[in-house]
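J.: This is model_20.txt, which holds compact mmCIF, C-alpha atoms and all ligand atoms:
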# COMPACT_ATOMS: atom_id res chain seq x y z
CA MET J 7 -9.85 15.21 -30.66
CA SER J 8 -9.31 12.03 -28.68
CA PHE J 9 -7.66 8.82 -29.80
CA LEU J 10 -8.57 6.94 -26.63
CA MET J 11 -10.78 3.92 -27.10
CA PRO J 12 -14.33 4.50 -25.81
CA ARG J 13 -13.86 1.96 -23.00
CA LEU J 14 -11.14 4.24 -21.61
CA SER J 15 -13.26 7.40 -21.66
CA GLY J 16 -13.87 7.04 -17.91
CA LEU J 17 -10.16 7.53 -17.13
CA SER J 18 -9.72 10.74 -15.19
CA PRO J 19 -7.09 13.16 -16.52
CA TYR J 20 -3.59 12.59 -15.22
CA VAL J 21 -2.92 14.80 -12.18
CA PRO J 22 0.76 15.16 -11.34
CA GLY J 23 1.42 14.23 -7.72
CA THR J 24 3.32 16.35 -5.24
CA HIS J 25 6.49 14.35 -5.71
CA THR J 26 9.41 16.56 -4.69
CA GLU J 27 13.17 16.06 -4.73
CA GLU J 28 13.60 19.44 -2.98
CA GLU J 29 16.53 19.60 -0.54
CA GLY J 30 15.31 19.62 3.08
CA ALA J 31 11.72 18.74 2.16
CA LEU J 32 9.84 16.51 4.59
CA ARG J 33 7.96 13.98 2.46
CA LEU J 34 5.09 12.75 4.62
CA ASN J 35 2.73 12.29 1.67
CA SER J 36 3.68 8.97 0.04
CA ASN J 37 3.99 6.55 2.95
CA GLU J 38 7.65 5.88 2.21
CA SER J 39 10.01 4.58 4.90
CA PRO J 40 12.19 7.29 6.45
CA TYR J 41 14.92 4.69 6.94
CA PRO J 42 17.39 3.82 4.16
CA PRO J 43 17.80 0.26 2.85
CA SER J 44 20.16 -2.00 4.83
CA PRO J 45 23.88 -2.01 3.81
CA GLY J 46 23.61 -5.39 2.07
CA VAL J 47 21.10 -3.93 -0.40
CA SER J 48 23.54 -1.35 -1.81
CA GLU J 49 26.28 -3.99 -1.98
CA ALA J 50 24.04 -6.48 -3.80
CA VAL J 51 22.80 -3.89 -6.28
CA ALA J 52 26.36 -2.69 -6.97
CA ALA J 53 27.58 -6.26 -7.39
CA GLY J 54 24.73 -7.04 -9.80
CA ALA J 55 25.33 -3.99 -12.00
CA GLY J 56 28.20 -5.73 -13.81
CA ASP J 57 25.76 -8.36 -15.15
CA LEU J 58 23.22 -5.94 -16.63
CA ASN J 59 24.10 -7.11 -20.16
CA LEU J 60 22.34 -10.35 -19.23
CA TYR J 61 18.60 -10.78 -18.89
CA ASN J 62 17.25 -11.31 -15.41
CA ASP J 63 15.54 -14.50 -14.20
CA PRO J 64 11.88 -13.98 -15.22
CA ASP J 65 10.72 -16.43 -12.54
CA CYS J 66 12.64 -14.69 -9.74
CA MET J 67 13.54 -18.07 -8.25
CA LEU J 68 16.12 -16.81 -5.72
CA LEU J 69 13.94 -13.90 -4.62
CA ARG J 70 10.85 -16.09 -4.28
CA GLY J 71 12.92 -18.59 -2.32
CA ALA J 72 14.11 -15.85 0.05
CA ILE J 73 10.58 -14.49 0.57
CA ALA J 74 9.14 -17.99 1.02
CA GLU J 75 11.81 -18.91 3.56
CA ARG J 76 11.14 -15.85 5.69
CA LEU J 77 7.37 -16.35 5.59
CA GLY J 78 7.37 -20.13 6.05
CA VAL J 79 5.66 -20.91 2.72
CA LYS J 80 6.85 -22.51 -0.56
CA PRO J 81 8.29 -20.53 -3.50
CA GLN J 82 5.23 -21.76 -5.44
CA ASN J 83 3.09 -19.65 -3.08
CA VAL J 84 4.92 -16.47 -4.16
CA MET J 85 4.94 -14.39 -7.35
CA ALA J 86 7.10 -11.27 -7.65
CA ALA J 87 6.37 -8.21 -9.80
CA ASN J 88 7.26 -4.55 -10.27
CA GLY J 89 5.65 -3.10 -7.16
CA SER J 90 2.42 -4.29 -5.65
CA ASP J 91 0.66 -1.94 -8.06
CA GLN J 92 1.63 -4.31 -10.87
CA VAL J 93 0.51 -7.31 -8.81
CA LEU J 94 -2.87 -5.62 -8.26
CA LEU J 95 -3.26 -4.76 -11.95
CA LEU J 96 -2.40 -8.34 -12.92
CA ALA J 97 -4.80 -9.79 -10.36
CA MET J 98 -7.62 -7.59 -11.60
CA THR J 99 -6.74 -8.51 -15.21
CA ALA J 100 -6.71 -12.21 -14.37
CA PHE J 101 -9.69 -12.54 -12.04
CA ALA J 102 -12.25 -9.82 -12.96
CA ASP J 103 -13.69 -8.26 -16.11
CA ALA J 104 -16.66 -6.31 -17.44
CA GLY J 105 -19.03 -9.10 -16.35
CA TYR J 106 -17.21 -9.83 -13.11
CA PRO J 107 -17.34 -6.79 -10.82
CA ILE J 108 -15.24 -5.88 -7.82
CA ALA J 109 -16.58 -4.85 -4.40
CA LEU J 110 -14.32 -2.39 -2.54
CA PRO J 111 -14.61 0.22 0.23
CA ASP J 112 -15.86 3.72 -0.67
CA LEU J 113 -12.76 5.10 1.02
CA THR J 114 -9.64 3.18 0.03
CA TYR J 115 -6.53 3.20 -2.18
CA SER J 116 -7.69 5.28 -5.15
CA TYR J 117 -5.40 3.62 -7.70
CA TYR J 118 -7.78 0.62 -7.82
CA ASP J 119 -10.18 2.93 -9.68
CA ASP J 120 -7.64 3.59 -12.43
CA PHE J 121 -6.94 -0.11 -12.91
CA ALA J 122 -10.68 -0.83 -13.10
CA ALA J 123 -11.15 2.01 -15.61
CA VAL J 124 -8.38 0.67 -17.86
CA LEU J 125 -9.74 -2.88 -17.66
CA GLY J 126 -13.44 -1.92 -17.92
CA ILE J 127 -14.32 -3.60 -14.62
CA PRO J 128 -17.42 -2.29 -12.79
CA LEU J 129 -16.80 -1.31 -9.16
CA LEU J 130 -19.33 -1.81 -6.37
CA ARG J 131 -18.43 0.73 -3.70
CA LYS J 132 -19.29 -0.40 -0.20
CA PRO J 133 -19.54 2.49 2.28
CA LEU J 134 -17.40 2.06 5.36
CA ARG J 135 -19.33 2.46 8.60
CA GLU J 136 -19.55 5.88 10.27
CA ASP J 137 -16.44 5.01 12.33
CA PHE J 138 -14.56 4.02 9.11
CA THR J 139 -14.59 0.28 9.92
CA LEU J 140 -15.39 -2.20 7.16
CA ASP J 141 -18.52 -4.40 7.28
CA ALA J 142 -17.50 -7.91 6.12
CA GLU J 143 -21.09 -8.67 5.07
CA ASP J 144 -20.67 -6.27 2.13
CA TYR J 145 -18.02 -8.51 0.57
CA LYS J 146 -19.79 -11.86 0.64
CA GLN J 147 -21.78 -11.39 -2.58
CA PRO J 148 -21.29 -14.39 -4.90
CA GLY J 149 -19.72 -13.67 -8.29
CA VAL J 150 -18.10 -10.46 -7.10
CA MET J 151 -14.38 -10.13 -6.35
CA ALA J 152 -13.70 -8.69 -2.89
CA LEU J 153 -10.85 -6.16 -2.74
CA PHE J 154 -9.57 -4.16 0.22
CA PRO J 155 -6.27 -3.23 1.81
CA ASN J 156 -5.58 -4.61 5.27
CA PRO J 157 -5.05 -2.40 7.12
CA ASN J 158 -7.12 -0.09 4.93
CA ALA J 159 -5.56 3.03 3.49
CA PRO J 160 -6.01 5.88 4.29
CA THR J 161 -7.80 4.92 7.52
CA GLY J 162 -5.20 2.50 8.93
CA LEU J 163 -8.01 0.32 10.35
CA ALA J 164 -7.82 -3.48 10.09
CA VAL J 165 -10.16 -6.33 9.13
CA SER J 166 -9.77 -9.42 11.34
CA PRO J 167 -8.47 -12.73 9.92
CA GLY J 168 -11.83 -14.25 10.97
CA ASP J 169 -13.72 -11.78 8.78
CA ILE J 170 -11.33 -12.35 5.86
CA ARG J 171 -11.85 -16.10 6.18
CA ALA J 172 -15.64 -15.64 6.16
CA ILE J 173 -15.45 -13.37 3.09
CA ALA J 174 -13.23 -15.84 1.21
CA LYS J 175 -15.44 -18.81 2.19
CA ALA J 176 -18.67 -17.04 1.16
CA ASP J 177 -17.95 -17.91 -2.51
CA GLU J 178 -14.85 -19.98 -3.18
CA GLY J 179 -15.42 -19.60 -6.92
CA ARG J 180 -14.26 -16.00 -6.96
CA VAL J 181 -11.14 -14.26 -5.74
CA CYS J 182 -10.75 -12.41 -2.48
CA LEU J 183 -7.89 -9.95 -2.96
CA VAL J 184 -6.32 -8.55 0.20
CA ASP J 185 -3.74 -5.78 -0.24
CA GLU J 186 -1.27 -6.10 2.63
CA ALA J 187 0.93 -3.13 1.61
CA TYR J 188 0.97 -1.93 5.25
CA VAL J 189 0.64 -5.23 7.13
CA ASP J 190 4.11 -5.10 8.74
CA PHE J 191 3.28 -2.20 11.05
CA GLY J 192 1.29 -4.22 13.58
CA CYS J 193 -1.59 -5.80 11.62
CA ALA J 194 -2.43 -9.53 11.60
CA SER J 195 -1.77 -11.05 8.16
CA ALA J 196 -4.22 -13.27 6.26
CA LEU J 197 -1.27 -15.46 5.17
CA PRO J 198 -2.15 -18.47 7.40
CA LEU J 199 -5.47 -18.68 5.50
CA ILE J 200 -3.96 -19.48 2.07
CA ALA J 201 -3.76 -23.17 3.04
CA GLU J 202 -7.54 -23.38 3.45
CA CYS J 203 -8.73 -20.68 1.00
CA PRO J 204 -7.64 -21.43 -2.60
CA ASN J 205 -9.33 -18.19 -3.74
CA LEU J 206 -7.44 -15.91 -1.35
CA LEU J 207 -4.77 -13.73 -2.98
CA ILE J 208 -2.59 -11.43 -0.90
CA THR J 209 -0.45 -8.62 -2.29
CA ARG J 210 2.59 -7.24 -0.48
CA THR J 211 5.23 -4.64 -1.21
CA PHE J 212 8.86 -3.85 -0.39
CA SER J 213 7.99 -0.14 -0.74
CA LYS J 214 6.93 0.53 2.86
CA SER J 215 8.43 -1.75 5.53
CA GLY J 216 11.19 -2.82 3.11
CA SER J 217 12.54 0.70 2.42
CA LEU J 218 12.65 -0.05 -1.34
CA ALA J 219 9.93 2.16 -2.86
CA GLY J 220 12.30 3.30 -5.61
CA ALA J 221 13.18 -0.28 -6.60
CA ARG J 222 9.54 -1.09 -7.52
CA LEU J 223 9.22 -4.52 -5.96
CA GLY J 224 6.08 -6.28 -4.79
CA TYR J 225 4.73 -9.81 -4.59
CA ALA J 226 1.63 -11.95 -4.38
CA LEU J 227 0.99 -14.75 -1.89
CA GLY J 228 -1.57 -17.49 -2.36
CA ALA J 229 -2.22 -21.17 -2.91
CA GLU J 230 -0.15 -22.74 -5.69
CA GLY J 231 -3.04 -22.83 -8.17
CA ILE J 232 -3.93 -19.15 -8.02
CA ILE J 233 -0.25 -18.11 -8.08
CA GLU J 234 0.33 -20.25 -11.17
CA GLU J 235 -2.63 -18.61 -12.95
CA LEU J 236 -1.50 -15.13 -11.98
CA SER J 237 2.04 -15.94 -13.14
CA ARG J 238 0.71 -16.96 -16.55
CA VAL J 239 -0.87 -13.52 -16.96
CA ARG J 240 2.32 -11.86 -15.73
CA SER J 241 4.58 -13.59 -18.21
CA ALA J 242 2.09 -12.94 -21.03
CA THR J 243 2.19 -9.19 -20.38
CA ASP J 244 5.69 -8.59 -18.97
CA LEU J 245 7.99 -11.42 -20.00
CA TYR J 246 11.04 -10.59 -17.88
CA GLY J 247 9.23 -8.87 -15.03
CA VAL J 248 11.36 -7.76 -12.11
CA SER J 249 14.75 -6.25 -13.04
CA ARG J 250 18.04 -7.81 -12.00
CA MET J 251 18.71 -4.84 -9.67
CA ALA J 252 15.34 -5.07 -7.92
CA GLN J 253 15.68 -8.84 -7.49
CA ALA J 254 19.14 -8.37 -5.94
CA ALA J 255 17.81 -5.66 -3.64
CA GLY J 256 14.87 -7.79 -2.52
CA ILE J 257 17.01 -10.87 -1.81
CA ALA J 258 19.42 -8.80 0.31
CA ALA J 259 16.54 -7.14 2.18
CA MET J 260 15.05 -10.54 3.02
CA ARG J 261 18.43 -11.72 4.40
CA GLU J 262 18.70 -8.62 6.56
CA TRP J 263 15.04 -8.59 7.61
CA PRO J 264 15.73 -8.05 11.35
CA TYR J 265 16.93 -4.52 10.43
CA TYR J 266 13.58 -3.80 8.73
CA GLU J 267 11.66 -5.45 11.53
CA ALA J 268 13.37 -3.08 14.00
CA ASN J 269 12.46 -0.10 11.78
CA CYS J 270 8.82 -1.19 11.78
CA ARG J 271 8.81 -1.28 15.59
CA ARG J 272 10.39 2.22 15.66
CA ILE J 273 7.71 3.49 13.26
CA GLU J 274 4.99 1.98 15.47
CA GLU J 275 6.45 3.78 18.49
CA THR J 276 6.70 7.06 16.61
CA ARG J 277 3.13 6.55 15.38
CA GLY J 278 1.94 6.19 18.98
CA ARG J 279 3.68 9.35 20.11
CA THR J 280 2.50 11.30 17.05
CA THR J 281 -1.09 10.15 17.57
CA GLU J 282 -1.06 11.27 21.22
CA HIS J 283 0.53 14.60 20.39
CA LEU J 284 -1.92 15.33 17.55
CA ARG J 285 -4.85 14.45 19.82
CA ALA J 286 -3.51 16.83 22.46
CA LEU J 287 -3.52 19.53 19.77
CA GLY J 288 -7.21 18.88 19.11
CA PHE J 289 -6.95 16.52 16.14
CA GLU J 290 -9.27 13.53 15.78
CA VAL J 291 -6.94 10.63 14.90
CA LEU J 292 -7.97 7.09 13.93
CA PRO J 293 -5.97 4.32 15.69
CA SER J 294 -3.81 3.38 12.69
CA LEU J 295 -2.00 0.10 12.04
CA GLY J 296 -0.17 1.54 9.01
CA ASN J 297 2.91 3.77 8.69
CA PHE J 298 0.58 6.78 8.50
CA VAL J 299 -2.23 8.38 10.46
CA PHE J 300 -5.54 9.70 9.17
CA ALA J 301 -6.28 12.81 11.16
CA LYS J 302 -8.93 15.55 11.27
CA PRO J 303 -7.32 18.85 12.26
CA PRO J 304 -9.11 21.43 14.44
CA MET J 305 -8.86 23.85 11.47
CA ASP J 306 -9.46 23.73 7.73
CA ALA J 307 -7.51 20.70 6.44
CA ALA J 308 -6.75 22.21 3.02
CA LEU J 309 -5.40 25.40 4.63
CA LEU J 310 -3.23 23.42 7.03
CA GLN J 311 -1.89 21.35 4.14
CA ARG J 312 -1.01 24.54 2.20
CA ARG J 313 0.63 26.17 5.22
CA LEU J 314 2.75 23.07 5.84
CA ALA J 315 3.73 22.89 2.15
CA ALA J 316 4.92 26.49 2.38
CA GLU J 317 7.45 25.16 4.90
CA SER J 318 8.37 22.22 2.64
CA ILE J 319 6.40 19.75 4.79
CA TYR J 320 4.20 17.66 2.53
CA VAL J 321 1.17 15.74 3.79
CA ARG J 322 -1.64 14.19 1.77
CA ARG J 323 -5.27 15.22 1.46
CA LEU J 324 -7.40 12.76 -0.48
CA SER J 325 -10.24 13.79 -2.75
CA ALA J 326 -12.83 11.22 -1.60
CA PRO J 327 -15.76 13.09 -0.02
CA ARG J 328 -15.27 11.51 3.41
CA ALA J 329 -11.55 12.33 3.39
CA LEU J 330 -11.69 16.03 2.52
CA GLY J 331 -11.59 17.32 6.10
CA ARG J 332 -8.70 15.05 7.00
CA LEU J 333 -5.00 14.67 6.30
CA ARG J 334 -3.07 11.46 5.79
CA ILE J 335 0.30 11.91 7.40
CA THR J 336 3.15 9.43 6.89
CA ILE J 337 5.09 8.47 10.00
CA GLY J 338 8.74 9.47 9.60
CA THR J 339 11.54 9.42 12.16
CA ASP J 340 11.03 10.95 15.61
CA ALA J 341 12.93 14.04 14.41
CA ASP J 342 10.68 14.30 11.31
CA MET J 343 7.55 14.18 13.46
CA ASP J 344 8.97 16.73 15.91
CA ARG J 345 9.48 19.13 12.99
CA LEU J 346 5.91 18.50 11.79
CA LEU J 347 4.38 18.89 15.25
CA ARG J 348 6.30 22.12 15.93
CA ALA J 349 5.05 23.56 12.64
CA ILE J 350 1.46 22.47 13.31
CA THR J 351 1.52 23.92 16.84
CA ARG J 352 2.66 27.29 15.49
CA ILE J 353 0.18 27.31 12.58
CA LEU J 354 -2.74 26.46 14.92
CA GLU J 355 -1.76 29.40 17.19
CA GLU J 356 -1.52 31.77 14.21
CA GLU J 357 -4.85 30.66 12.76
CA ARG J 358 -6.74 30.85 16.06
N1 LIG J 401 -1.54 -0.65 -2.00
C1 LIG J 401 -1.71 0.40 -1.20
C2 LIG J 401 -2.87 0.42 -0.25
C3 LIG J 401 -0.82 1.48 -1.26
O1 LIG J 401 -1.01 2.56 -0.49
C4 LIG J 401 0.27 1.43 -2.15
C5 LIG J 401 1.29 2.54 -2.21
N2 LIG J 401 0.92 3.68 -2.82
C6 LIG J 401 0.38 0.31 -2.99
C7 LIG J 401 -0.52 -0.71 -2.86
C8 LIG J 401 1.42 0.21 -4.05
O2 LIG J 401 2.70 0.15 -3.62
P1 LIG J 401 3.89 -0.30 -4.56
O3 LIG J 401 3.40 -0.32 -5.98
O4 LIG J 401 4.94 0.73 -4.35
O5 LIG J 401 4.28 -1.66 -4.11
Show me this structure written as structure tokens.

T.:
Amino acid sequence: MSFLMPRLSGLSPYVPGTHTEEEGALRLNSNESPYPPSPGVSEAVAAGAGDLNLYNDPDCMLLRGAIAERLGVKPQNVMAANGSDQVLLLAMTAFADAGYPIALPDLTYSYYDDFAAVLGIPLLRKPLREDFTLDAEDYKQPGVMALFPNPNAPTGLAVSPGDIRAIAKADEGRVCLVDEAYVDFGCASALPLIAECPNLLITRTFSKSGSLAGARLGYALGAEGIIEELSRVRSATDLYGVSRMAQAAGIAAMREWPYYEANCRRIEETRGRTTEHLRALGFEVLPSLGNFVFAKPPMDAALLQRRLAAESIYVRRLSAPRALGRLRITIGTDADMDRLLRAITRILEEER
């Protein structure tokens, strides 16, 4: 017997992820940062704990001010929420519905599908080209929301600001939603376009470059009008929004941003080395701009994933048909990647 409403019958059964708290495990499957938050974050969270009897600021004024200051926009261009997943869900709730479909790549962040299933929004899947690049023409259809991460996940490939501008301009009456979860690892942001594209909405997260995945903190960027509309939907569904602790953590992280900036550059360097090393081992690796690489091993990908898991090294294999023969591997520290590459080298020799 099912109690689910018929509109939710398309929801796929919940599959537990490979989240592990195992001692010594190498978690290269969730695109987390290998670097801890900066010292000011722990201090701010500890200092804020004494005020937990009081409600938090639902409008996140200090946090939005800190984000706006770093990015050179106004607080009215920023809305904060519990992870960019919540921002994405709110944006899809606000700007699409059963009669207002969403165009998205056939290979992309799979959680969009769950949001669309919950909200009853039809999805128009646009196949990426053979080389996994995105064709901007597919997203210019009037009356259809455009949605894609930039850089895309799991491919790590980027869409140019010129293409994003053209997509947004193709129909200014509908929203162009660009998920910049991984933008800080070397990709050009669409942020300068919000001044000329009132329908452009960007989502960002503190979970990757900001080393705060466990705090659940994300934000939207856009023109004042679209942010105000999105904020109305947020406060109607989640009155207080971002917790006091997460706001404190985010404000401190913004103040200490040079630390995170330096970590991003280290991750880019490690990504370069890892890409070269994997290629030398016979992998096909896309040139990623994220904190992960999407790589096709010279052996069965599922077997390699299992063999690595047996050594407590966790990498991700996605279920989309075009992703089955590949692994998405998060970039950790240099030492993390050395451990991975040593294990892969040995497994490839044993499986030869
Ligand atoms: N967008 C993309 C493309 C992602 O990979 C992720 C992380 N899984 C998110 C958004 C959501 O991140 P968070 O909710 O932690 O901000």

J.: Any idea what's packed within 7 Å of Met85 (chain J), counting all atoms listed in the file, ignoring anything in its chain fewer than 2 positions away? Could you give it as a PyMOL selection string?

T.: chain J and resi 70+87+225-227+233+237

J.: Show which residues sit within 10 Å of Ser18 (chain J), as a ChimeraX atom specification. Count all atoms listed in the file, and ignore same-chain residues fewer than 4 positions away.

T.: /J:14,119-120,123

J.: Please report, as JSON, the centre and edge lengths in Å to one decimal of an axis-aligned box covering all listed atoms of ligand LIG 401 (chain J) with 8 Å per side.

T.:
{"center_x": 1.0, "center_y": 1.0, "center_z": -3.1, "size_x": 23.8, "size_y": 21.3, "size_z": 21.7}

J.: Which residues are near ligand LIG 401 (chain J) in this structure, taking near to mean any atom at most 9 Å from a ligand atom and counting only C-alpha atoms and all ligand atoms? Format them as an MDAnalysis selection string.

T.: chainID J and resid 36:38 87:94 114:118 154:160 185:188 209:214 218:225

J.: To one decimal place in Å, what is the distance between CA of Ile200 (chain J) and CA of Ile173 (chain J)?

T.: 13.1 Å

J.: Return the single residue from J:Ile232, J:Cys193, J:Ile273, J:Cys66 that is closest to Gln253 (chain J), with distances computed using all atoms listed in the file.

T.: J:Cys66

J.: Ranking J:Leu113, J:Ile335, J:Ala316, J:Leu95 by minimum distance to Phe300 (chain J) and counting only C-alpha atoms, which one comes first?

T.: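 Among the listed residues, the smallest separation from Phe300 (chain J) belongs to J:Ile335.
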
J.: With distances taken over all atoms listed in the file, which residue among J:Ser217, J:Tyr106, J:Arg277, J:Ile353 lies nearest Val291 (chain J)?

T.: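 Nearest candidate to Val291 (chain J) out of J:Ser217, J:Tyr106, J:Arg277, J:Ile353: J:Arg277.
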
J.: Of the residues J:Ala349, J:Ala194, J:Ala72, J:Ile170, which is the one nearest to Glu317 (chain J), using all atoms listed in the file?

T.: J:Ala349

J.: Would you compute the distance between CA of Arg328 (chain J) and CA of Thr280 (chain J)? Give it in Å to one decimal.

T.: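 For CA of Arg328 (chain J) relative to CA of Thr280 (chain J), the distance reads 22.4 Å.
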
J.: Tell me which of J:Met343, J:Leu354, J:Val51, J:Ala229 sits closest to Asp306 (chain J), counting only C-alpha atoms.

T.: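 So, comparing all the options, the nearest one is J:Leu354.
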
J.: I'd like the interatomic distance between CA of Pro111 (chain J) and CA of Leu134 (chain J), to a tenth of an Å.

T.: 6.1 Å

J.: Could you list, as a PyMOL selection string, every residue within 10 Å of Arg261 (chain J), counting only C-alpha atoms and ignoring same-chain residues fewer than 5 positions away?

T.: chain J and resi 44+46-47+72-73+75-76+256

J.: Between J:Leu347, J:Leu129, J:Ile257, J:Leu330, which one has atoms that come closest to Gly54 (chain J), using all atoms listed in the file?

T.: J:Ile257

J.: Could you name the residues that touch Asn62 (chain J) at 9 Å or less, counting only C-alpha atoms, but leaving out those on the same chain fewer than 6 positions away, as an NGL selection string?

T.: :J and (246-251 or 253)

J.: Considering all atoms listed in the file, return as a ChimeraX atom specification whatever protein or nucleic-acid residues lie within 12 Å of His283 (chain J), sequence-local ones (same chain, fewer than 3 positions apart) excluded.

T.: /J:276-280,286-291,301,343-344,346-348,350-351

J.: Once N, CA, C and O atoms are restored for region 249-262 of chain J, what would the output be as a compact mmCIF listing (two decimals), keeping the file's coordinate frame?

T.:
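Full text of part.txt as output:
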# COMPACT_ATOMS: atom_id res chain seq x y z
N SER J 249 13.37 -6.46 -12.57
CA SER J 249 14.75 -6.25 -13.04
C SER J 249 15.76 -6.97 -12.14
O SER J 249 15.50 -7.27 -10.98
N ARG J 250 16.93 -7.18 -12.72
CA ARG J 250 18.04 -7.81 -12.00
C ARG J 250 18.37 -7.03 -10.71
O ARG J 250 18.62 -7.60 -9.66
N MET J 251 18.35 -5.67 -10.83
CA MET J 251 18.71 -4.84 -9.67
C MET J 251 17.67 -4.99 -8.56
O MET J 251 18.01 -5.11 -7.38
N ALA J 252 16.40 -4.98 -8.94
CA ALA J 252 15.34 -5.07 -7.92
C ALA J 252 15.34 -6.45 -7.27
O ALA J 252 15.13 -6.58 -6.06
N GLN J 253 15.62 -7.49 -8.08
CA GLN J 253 15.68 -8.84 -7.49
C GLN J 253 16.82 -8.91 -6.47
O GLN J 253 16.66 -9.42 -5.36
N ALA J 254 17.98 -8.34 -6.85
CA ALA J 254 19.14 -8.37 -5.94
C ALA J 254 18.82 -7.62 -4.65
O ALA J 254 19.14 -8.06 -3.54
N ALA J 255 18.16 -6.47 -4.81
CA ALA J 255 17.81 -5.66 -3.64
C ALA J 255 16.86 -6.43 -2.72
O ALA J 255 17.03 -6.45 -1.49
N GLY J 256 15.87 -7.07 -3.31
CA GLY J 256 14.87 -7.79 -2.52
C GLY J 256 15.47 -8.98 -1.78
O GLY J 256 15.14 -9.24 -0.61
N ILE J 257 16.37 -9.71 -2.46
CA ILE J 257 17.01 -10.87 -1.81
C ILE J 257 17.83 -10.40 -0.60
O ILE J 257 17.75 -10.98 0.49
N ALA J 258 18.60 -9.31 -0.80
CA ALA J 258 19.42 -8.80 0.31
C ALA J 258 18.54 -8.32 1.46
O ALA J 258 18.84 -8.57 2.64
N ALA J 259 17.44 -7.65 1.13
CA ALA J 259 16.54 -7.14 2.18
C ALA J 259 15.95 -8.30 2.99
O ALA J 259 15.82 -8.23 4.21
N MET J 260 15.60 -9.38 2.30
CA MET J 260 15.05 -10.54 3.02
C MET J 260 16.08 -11.12 3.98
O MET J 260 15.76 -11.50 5.11
N ARG J 261 17.35 -11.18 3.54
CA ARG J 261 18.43 -11.72 4.40
C ARG J 261 18.62 -10.85 5.63
O ARG J 261 18.98 -11.33 6.68
N GLU J 262 18.43 -9.55 5.46
CA GLU J 262 18.70 -8.62 6.56
C GLU J 262 17.40 -8.17 7.21
O GLU J 262 17.32 -7.06 7.73
